[in-house]
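**Student:** Got input01.cif for you, mmCIF, C-alpha atoms:
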data_run
loop_
_atom_site.group_PDB
_atom_site.id
_atom_site.type_symbol
_atom_site.label_atom_id
_atom_site.label_comp_id
_atom_site.auth_asym_id
_atom_site.auth_seq_id
_atom_site.Cartn_x
_atom_site.Cartn_y
_atom_site.Cartn_z
ATOM 1 C CA MET A 32 0.000 0.000 0.000
ATOM 2 C CA ILE A 33 1.306 3.438 -0.960
ATOM 3 C CA ARG A 34 1.404 5.826 1.997
ATOM 4 C CA THR A 35 3.925 8.541 1.146
ATOM 5 C CA ASP A 36 4.961 10.614 -1.849
ATOM 6 C CA ASN A 37 8.298 8.779 -1.869
ATOM 7 C CA GLU A 38 6.504 5.441 -2.167
ATOM 8 C CA LEU A 39 4.288 6.852 -4.902
ATOM 9 C CA ILE A 40 7.305 8.100 -6.837
ATOM 10 C CA ALA A 41 9.098 4.762 -6.488
ATOM 11 C CA GLU A 42 6.091 2.835 -7.822
ATOM 12 C CA LEU A 43 5.637 5.271 -10.721
ATOM 13 C CA GLU A 44 9.316 5.001 -11.615
ATOM 14 C CA ALA A 45 8.985 1.206 -11.657
ATOM 15 C CA VAL A 46 5.944 1.366 -13.952
ATOM 16 C CA MET A 47 7.677 3.848 -16.227
ATOM 17 C CA GLN A 48 10.702 1.543 -16.446
ATOM 18 C CA ARG A 49 8.393 -1.337 -17.382
ATOM 19 C CA LEU A 50 6.780 0.831 -20.064
ATOM 20 C CA ARG A 51 10.263 1.663 -21.408
ATOM 21 C CA GLU A 52 10.996 -2.052 -21.635
ATOM 22 C CA LEU A 53 7.723 -2.559 -23.514
ATOM 23 C CA GLU A 54 8.524 0.505 -25.676
ATOM 24 C CA LEU A 55 5.242 2.123 -24.594
ATOM 25 C CA LEU A 56 6.447 5.083 -22.534
ATOM 26 C CA THR A 57 5.246 8.388 -23.947
ATOM 27 C CA SER A 58 6.817 11.812 -23.709
ATOM 28 C CA ASN A 59 3.601 13.031 -22.043
ATOM 29 C CA MET A 60 4.076 10.548 -19.214
ATOM 30 C CA GLU A 61 7.664 11.722 -18.729
ATOM 31 C CA ARG A 62 6.614 15.370 -18.779
ATOM 32 C CA PHE A 63 3.812 14.877 -16.250
ATOM 33 C CA PHE A 64 6.134 12.896 -13.983
ATOM 34 C CA GLU A 65 8.819 15.596 -14.118
ATOM 35 C CA VAL A 66 6.441 18.300 -12.902
ATOM 36 C CA GLY A 67 4.819 16.163 -10.190
ATOM 37 C CA GLU A 68 1.531 15.535 -11.988
ATOM 38 C CA TRP A 69 1.603 11.918 -10.888
ATOM 39 C CA LEU A 70 -2.028 11.064 -11.580
ATOM 40 C CA MET A 71 -1.684 12.360 -15.146
ATOM 41 C CA CYS A 72 1.505 10.368 -15.540
ATOM 42 C CA PHE A 73 -0.165 7.199 -14.316
ATOM 43 C CA GLU A 74 -3.310 7.681 -16.395
ATOM 44 C CA GLY A 75 -1.306 7.046 -19.549
ATOM 45 C CA ALA A 76 -0.289 3.606 -18.313
ATOM 46 C CA TRP A 77 -3.759 2.901 -16.952
ATOM 47 C CA MET A 78 -5.391 3.767 -20.286
ATOM 48 C CA LEU A 79 -3.078 1.315 -22.049
ATOM 49 C CA ALA A 80 -3.867 -1.583 -19.724
ATOM 50 C CA ARG A 81 -7.301 -1.019 -18.205
ATOM 51 C CA ASP A 82 -9.368 -2.963 -20.760
ATOM 52 C CA ASP A 83 -6.770 -5.638 -21.549
ATOM 53 C CA PRO A 84 -6.575 -8.386 -18.925
ATOM 54 C CA ASP A 85 -3.555 -9.839 -20.758
ATOM 55 C CA HIS A 86 -1.567 -6.601 -20.790
ATOM 56 C CA PRO A 87 1.823 -7.090 -19.063
ATOM 57 C CA LEU A 88 1.063 -4.290 -16.608
ATOM 58 C CA GLN A 89 -1.898 -6.240 -15.236
ATOM 59 C CA SER A 90 0.570 -8.507 -13.405
ATOM 60 C CA ASP A 91 2.979 -5.739 -12.366
ATOM 61 C CA LYS A 92 2.911 -5.130 -8.600
ATOM 62 C CA SER A 93 3.804 -1.444 -8.949
ATOM 63 C CA TYR A 94 1.054 -0.885 -11.501
ATOM 64 C CA LEU A 95 -1.482 -2.655 -9.273
ATOM 65 C CA ALA A 96 -0.386 -0.593 -6.252
ATOM 66 C CA LEU A 97 -0.933 2.581 -8.283
ATOM 67 C CA VAL A 98 -4.348 1.384 -9.482
ATOM 68 C CA ALA A 99 -5.354 0.941 -5.842
ATOM 69 C CA TYR A 100 -3.858 4.291 -4.827
ATOM 70 C CA PHE A 101 -5.588 6.254 -7.594
ATOM 71 C CA ALA A 102 -8.821 4.205 -7.589
ATOM 72 C CA GLY A 103 -11.018 7.147 -6.632
ATOM 73 C CA GLU A 104 -9.581 9.404 -9.307
ATOM 74 C CA ILE A 105 -9.659 6.926 -12.202
ATOM 75 C CA ALA A 106 -13.019 5.276 -11.512
#
Before we go any further, please render this structure as structure tokens.
**Tutor:**
Amino acid sequence: MIRTDNELIAELEAVMQRLRELELLTSNMERFFEVGEWLMCFEGAWMLARDDPDHPLQSDKSYLALVAYFAGEIA
């Protein structure tokens, strides 16, 4: 469970690294992350994976932690 900004940043960095590996990271995600717009940064990843149960992010613990953390905002 994410409790602090530092934990949030660490989980987002892990998801962004996974997106780099999948060659899916966008410049918008990077830009939003750099200015502290973490929900906007995460929404890019969420939009890629939300309707695809087989998407690699669906089994990523950092992604799932962020889904839980931002559940109220992305519902």
**Student:** Taking all atoms listed in the file into account, name the residue in A:Met47, A:Ile33, A:Cys72, A:Ala99 that is nearest to Asn59 of chain A.
**Tutor:**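 Among the listed residues, the smallest separation from Asn59 of chain A belongs to A:Cys72.
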**Student:** Select all residues near (-2.0, 5.7, -8.6) (cut-off 10 Å, inclusive, file coordinates), counting only C-alpha atoms, and output them as a list in words.
**Tutor:**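 Returned residue set, sorted by chain then number, is Ile33, Leu39, Ile40, Glu42, Leu43, Trp69, Leu70, Met71, Cys72, Phe73, Glu74, Trp77, Ser93, Tyr94, Leu95, Ala96, Leu97, Val98, Ala99, Tyr100, Phe101, Ala102, Gly103, Glu104 and Ile105 of chain A.
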**Student:** Separation of atom CA of Asn37 of chain A and atom CA of Pro84 of chain A, in Å?
**Tutor:**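 Taking atom CA of Asn37 of chain A and atom CA of Pro84 of chain A, their separation equals 28.4 Å.
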**Student:** From the set A:Lys92, A:Asp85, A:Met78, A:Glu68, which residue has the shortest atom-to-atom contact distance to Asp36 of chain A, counting all atoms listed in the file?
**Tutor:**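 So, comparing all the options, the nearest one is A:Glu68.
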**Student:** Got a sec: who's within 9 Å of Leu79 of chain A, counting all atoms listed in the file, leaving out chain neighbours fewer than 5 positions off, as a list in words?
**Tutor:**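 Result of the neighbour search: Leu55, Glu74, His86 and Leu88 of chain A.
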**Student:** Between atom CA of Phe64 of chain A and atom CA of Arg81 of chain A, measure the distance and give it in Å to one decimal.
**Tutor:**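 Going from atom CA of Phe64 of chain A over to atom CA of Arg81 of chain A, I get 19.8 Å.
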**Student:** Out of A:Glu65, A:Asp83, A:Ala76, A:Arg34, which residue has the shortest atom-to-atom distance to Arg51 of chain A when counting all atoms listed in the file?
**Tutor:**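 Looking only at the distances to Arg51 of chain A, the closest residue turns out to be A:Ala76.
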**Student:** Go ahead and compute the interatomic distance for atom CA of Glu61 of chain A and atom CA of Glu44 of chain A, in Å to one decimal.
**Tutor:**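 Interatomic distance, atom CA of Glu61 of chain A to atom CA of Glu44 of chain A: 9.9 Å.
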